Amino acid sequence: MKATGIVRRIDELGRVVIPKEIRSTLRLKSGEPLEIFSDRDELILKKYSPIATLDKFSESTAKSLNDLSGDLAIICDTDEVLFASGDGRKEVSRKNISPKMDRILGDRKSYVANLSEGGDIVPITAQEDLTITAEIIVPIVSGGDCLGAVALLSSREGAKMDSEKIKLAQLTADILAGQFE
């Protein structure tokens with residue numbers, strides 16, 4: 001753990017203000033859920049990620065999606081790529097999502113782009129080094145909240161994401177969202 005040197009007092013209602021600098025660094029937004037852990041004299045706040053709670057299920061889902069589609073399959077929450085399966089998985093695993101990807105999740109609408117048709121490829125992560133030629137991004141929405149996304153990425157020249165792959169990605173997102181209803 002990193003010491004910040006910041007000390008805050010608990011108010012009469014038991015509230016503590018998390019400094020803006022820390023909220024910005026950790027990408028904490030107003031209303032975002034936090035998990036609270038305690039161990040003797042330590043109190044730990046952690047961003048809550050419902051998708052991360054399904055780790056084995058999400059991991060095997062990404063693998064199955066890769067097996068069925070032949071493309072790089074990604075499952076992410078609203079902050080980072082949690083699971084990836086296929087060629088290029090090491091380049092994206094456990095990296096923060098890009099600002100453009102964050103906007104797609106905020107819009108809660110699926111996004112399909114084929115470079116061969118002049119589509120604009122959205123980087124999944126901020127530090128992405130992959131050459132992507134086609135992609136599908138489907139937000140995982142449950143109870144009106146965006147929990148993350150399912151994405152299929154292709155680096156094959158002239159690749160196109162057809163309706164079958166779009167349906168497959170949508171079905172995967174629906175199954176994951178169904179785990180929280």
# chains A, B, ... in the order shown; residues from 1 in each chain; ligands from 1
>>> residues_around(residues="Gly148 in chain A", least_positions_apart="4", cutoff="8 Å", atoms="only C-alpha atoms", output="list in words")
Ile51, Ile75, Cys76, Asp77, Thr78, Leu105, Pro139, Ile140 and Val141 of chain A
>>> write_last_selection(atoms="all heavy atoms", output="PDB file, in the first residue's frame")
ATOM      1  N   ILE A  51     -18.519  -7.655 -12.543  1.00  0.00           N
ATOM      2  CA  ILE A  51     -17.994  -8.617 -13.525  1.00  0.00           C
ATOM      3  C   ILE A  51     -16.810  -9.382 -12.938  1.00  0.00           C
ATOM      4  O   ILE A  51     -16.664 -10.580 -13.161  1.00  0.00           O
ATOM      5  CB  ILE A  51     -17.587  -7.896 -14.837  1.00  0.00           C
ATOM      6  CG1 ILE A  51     -18.797  -7.229 -15.486  1.00  0.00           C
ATOM      7  CG2 ILE A  51     -16.933  -8.860 -15.821  1.00  0.00           C
ATOM      8  CD1 ILE A  51     -19.894  -8.164 -15.933  1.00  0.00           C
ATOM      9  N   ILE A  75     -13.369  -9.472 -22.205  1.00  0.00           N
ATOM     10  CA  ILE A  75     -14.408  -9.101 -21.243  1.00  0.00           C
ATOM     11  C   ILE A  75     -13.770  -8.086 -20.305  1.00  0.00           C
ATOM     12  O   ILE A  75     -12.703  -8.337 -19.731  1.00  0.00           O
ATOM     13  CB  ILE A  75     -14.954 -10.316 -20.476  1.00  0.00           C
ATOM     14  CG1 ILE A  75     -15.639 -11.260 -21.463  1.00  0.00           C
ATOM     15  CG2 ILE A  75     -15.920  -9.857 -19.369  1.00  0.00           C
ATOM     16  CD1 ILE A  75     -16.161 -12.532 -20.885  1.00  0.00           C
ATOM     17  N   CYS A  76     -14.414  -6.921 -20.209  1.00  0.00           N
ATOM     18  CA  CYS A  76     -13.868  -5.874 -19.350  1.00  0.00           C
ATOM     19  C   CYS A  76     -14.953  -5.323 -18.434  1.00  0.00           C
ATOM     20  O   CYS A  76     -16.142  -5.501 -18.697  1.00  0.00           O
ATOM     21  CB  CYS A  76     -13.267  -4.747 -20.186  1.00  0.00           C
ATOM     22  SG  CYS A  76     -14.456  -3.824 -21.167  1.00  0.00           S
ATOM     23  N   ASP A  77     -14.516  -4.680 -17.360  1.00  0.00           N
ATOM     24  CA  ASP A  77     -15.463  -3.931 -16.548  1.00  0.00           C
ATOM     25  C   ASP A  77     -15.349  -2.479 -16.993  1.00  0.00           C
ATOM     26  O   ASP A  77     -14.833  -2.210 -18.084  1.00  0.00           O
ATOM     27  CB  ASP A  77     -15.242  -4.150 -15.045  1.00  0.00           C
ATOM     28  CG  ASP A  77     -13.895  -3.669 -14.525  1.00  0.00           C
ATOM     29  OD1 ASP A  77     -13.162  -2.955 -15.249  1.00  0.00           O
ATOM     30  OD2 ASP A  77     -13.570  -3.988 -13.361  1.00  0.00           O
ATOM     31  N   THR A  78     -15.795  -1.546 -16.201  1.00  0.00           N
ATOM     32  CA  THR A  78     -15.775  -0.144 -16.636  1.00  0.00           C
ATOM     33  C   THR A  78     -14.413   0.510 -16.452  1.00  0.00           C
ATOM     34  O   THR A  78     -14.263   1.690 -16.767  1.00  0.00           O
ATOM     35  CB  THR A  78     -16.840   0.672 -15.883  1.00  0.00           C
ATOM     36  OG1 THR A  78     -16.625   0.528 -14.473  1.00  0.00           O
ATOM     37  CG2 THR A  78     -18.238   0.187 -16.242  1.00  0.00           C
ATOM     38  N   LEU A 105     -19.053   2.735 -23.477  1.00  0.00           N
ATOM     39  CA  LEU A 105     -19.732   2.132 -22.334  1.00  0.00           C
ATOM     40  C   LEU A 105     -20.743   3.105 -21.738  1.00  0.00           C
ATOM     41  O   LEU A 105     -21.840   2.714 -21.352  1.00  0.00           O
ATOM     42  CB  LEU A 105     -18.729   1.704 -21.266  1.00  0.00           C
ATOM     43  CG  LEU A 105     -17.736   0.608 -21.669  1.00  0.00           C
ATOM     44  CD1 LEU A 105     -16.844   0.245 -20.492  1.00  0.00           C
ATOM     45  CD2 LEU A 105     -18.438  -0.616 -22.190  1.00  0.00           C
ATOM     46  N   PRO A 139     -21.780  -3.417 -24.806  1.00  0.00           N
ATOM     47  CA  PRO A 139     -21.831  -3.159 -23.364  1.00  0.00           C
ATOM     48  C   PRO A 139     -22.659  -4.222 -22.625  1.00  0.00           C
ATOM     49  O   PRO A 139     -23.632  -4.750 -23.163  1.00  0.00           O
ATOM     50  CB  PRO A 139     -22.518  -1.791 -23.264  1.00  0.00           C
ATOM     51  CG  PRO A 139     -22.286  -1.160 -24.598  1.00  0.00           C
ATOM     52  CD  PRO A 139     -22.316  -2.302 -25.578  1.00  0.00           C
ATOM     53  N   ILE A 140     -22.235  -4.523 -21.415  1.00  0.00           N
ATOM     54  CA  ILE A 140     -22.972  -5.431 -20.528  1.00  0.00           C
ATOM     55  C   ILE A 140     -23.807  -4.534 -19.624  1.00  0.00           C
ATOM     56  O   ILE A 140     -23.267  -3.806 -18.794  1.00  0.00           O
ATOM     57  CB  ILE A 140     -22.008  -6.291 -19.691  1.00  0.00           C
ATOM     58  CG1 ILE A 140     -21.084  -7.113 -20.595  1.00  0.00           C
ATOM     59  CG2 ILE A 140     -22.791  -7.183 -18.729  1.00  0.00           C
ATOM     60  CD1 ILE A 140     -19.912  -7.757 -19.879  1.00  0.00           C
ATOM     61  N   VAL A 141     -25.116  -4.543 -19.837  1.00  0.00           N
ATOM     62  CA  VAL A 141     -26.016  -3.648 -19.101  1.00  0.00           C
ATOM     63  C   VAL A 141     -26.992  -4.474 -18.278  1.00  0.00           C
ATOM     64  O   VAL A 141     -27.661  -5.356 -18.801  1.00  0.00           O
ATOM     65  CB  VAL A 141     -26.783  -2.712 -20.066  1.00  0.00           C
ATOM     66  CG1 VAL A 141     -27.720  -1.802 -19.304  1.00  0.00           C
ATOM     67  CG2 VAL A 141     -25.808  -1.897 -20.910  1.00  0.00           C
TER      68      VAL A 141
END
>>> residues_around(residues="range 111-123 of chain A", least_positions_apart="4", cutoff="6 Å", atoms="only C-alpha atoms", output="mmCIF file with N, CA and C atoms, in the first residue's frame")
data_model
loop_
_atom_site.group_PDB
_atom_site.id
_atom_site.type_symbol
_atom_site.label_atom_id
_atom_site.label_comp_id
_atom_site.auth_asym_id
_atom_site.auth_seq_id
_atom_site.Cartn_x
_atom_site.Cartn_y
_atom_site.Cartn_z
ATOM 1 N N THR A 133 -8.317 -4.635 -37.332
ATOM 2 C CA THR A 133 -8.953 -4.328 -38.617
ATOM 3 C C THR A 133 -10.481 -4.400 -38.550
ATOM 4 N N ALA A 134 -11.004 -5.053 -37.508
ATOM 5 C CA ALA A 134 -12.457 -5.133 -37.324
ATOM 6 C C ALA A 134 -12.739 -5.380 -35.843
ATOM 7 N N GLU A 135 -13.863 -4.805 -35.360
ATOM 8 C CA GLU A 135 -14.176 -4.984 -33.945
ATOM 9 C C GLU A 135 -15.671 -4.882 -33.683
ATOM 10 N N ILE A 136 -16.065 -5.532 -32.597
ATOM 11 C CA ILE A 136 -17.420 -5.429 -32.062
ATOM 12 C C ILE A 136 -17.255 -5.142 -30.578
ATOM 13 N N ILE A 137 -17.991 -4.153 -30.081
ATOM 14 C CA ILE A 137 -18.007 -3.858 -28.651
ATOM 15 C C ILE A 137 -19.471 -3.830 -28.222
ATOM 16 N N GLY A 158 -8.547 -7.197 -44.107
ATOM 17 C CA GLY A 158 -9.834 -7.245 -44.773
ATOM 18 C C GLY A 158 -10.946 -7.896 -43.954
ATOM 19 N N LYS A 160 -14.080 -8.631 -41.555
ATOM 20 C CA LYS A 160 -15.368 -7.960 -41.325
ATOM 21 C C LYS A 160 -16.089 -8.704 -40.218
#
>>> closest_residue(among="A:Glu128, A:Ser58, A:Leu153, A:Thr172", to="Gly70 in chain A", atoms="only C-alpha atoms")
A:Leu153
>>> residues_around(residues="Arg8 in chain A", least_positions_apart="2", cutoff="10 Å", atoms="only C-alpha atoms", output="list in words")
Ile6, Ile10, Asp11, Arg15, Val16, Val17, Ile18 and Pro19 of chain A
>>> closest_residue(among="A:Pro50, A:Gly86, A:Gly31, A:Gly106", to="Lys63 in chain A", atoms="only C-alpha atoms")
A:Gly86
>>> closest_residue(among="A:Asp162, A:Asp79, A:Asp71, A:Glu157", to="Leu28 in chain A", atoms="only C-alpha atoms")
A:Asp79
>>> closest_residue(among="A:Arg89, A:Arg27, A:Arg156, A:Lys46", to="Asp102 in chain A", atoms="only C-alpha atoms")
A:Arg27
>>> select_by_dssp(residues="range 15-172 of chain A", states="alpha helix (DSSP H)", output="ChimeraX atom specification")
/A:20-25,55-69,89-92,99-107,163-172
>>> closest_residue(among="A:Leu43, A:Val81, A:Ala3, A:Leu171", to="Ile22 in chain A", atoms="only C-alpha atoms")
A:Ala3
>>> closest_residue(among="A:Ile132, A:Ser110, A:Leu54, A:Ser64", to="Gly178 in chain A", atoms="only C-alpha atoms")
A:Leu54
>>> select_by_dssp(residues="range 70-117 of chain A", states="strand (DSSP E)", output="number ranges by chain")
A: 72-77, 81-85, 111-114
>>> atom_distance(atom1="CA of Cys146 in chain A", atom2="CA of Ala177 in chain A")
9.1 Å
>>> atom_distance(atom1="CA of Ser155 in chain A", atom2="CA of Thr131 in chain A")
5.8 Å
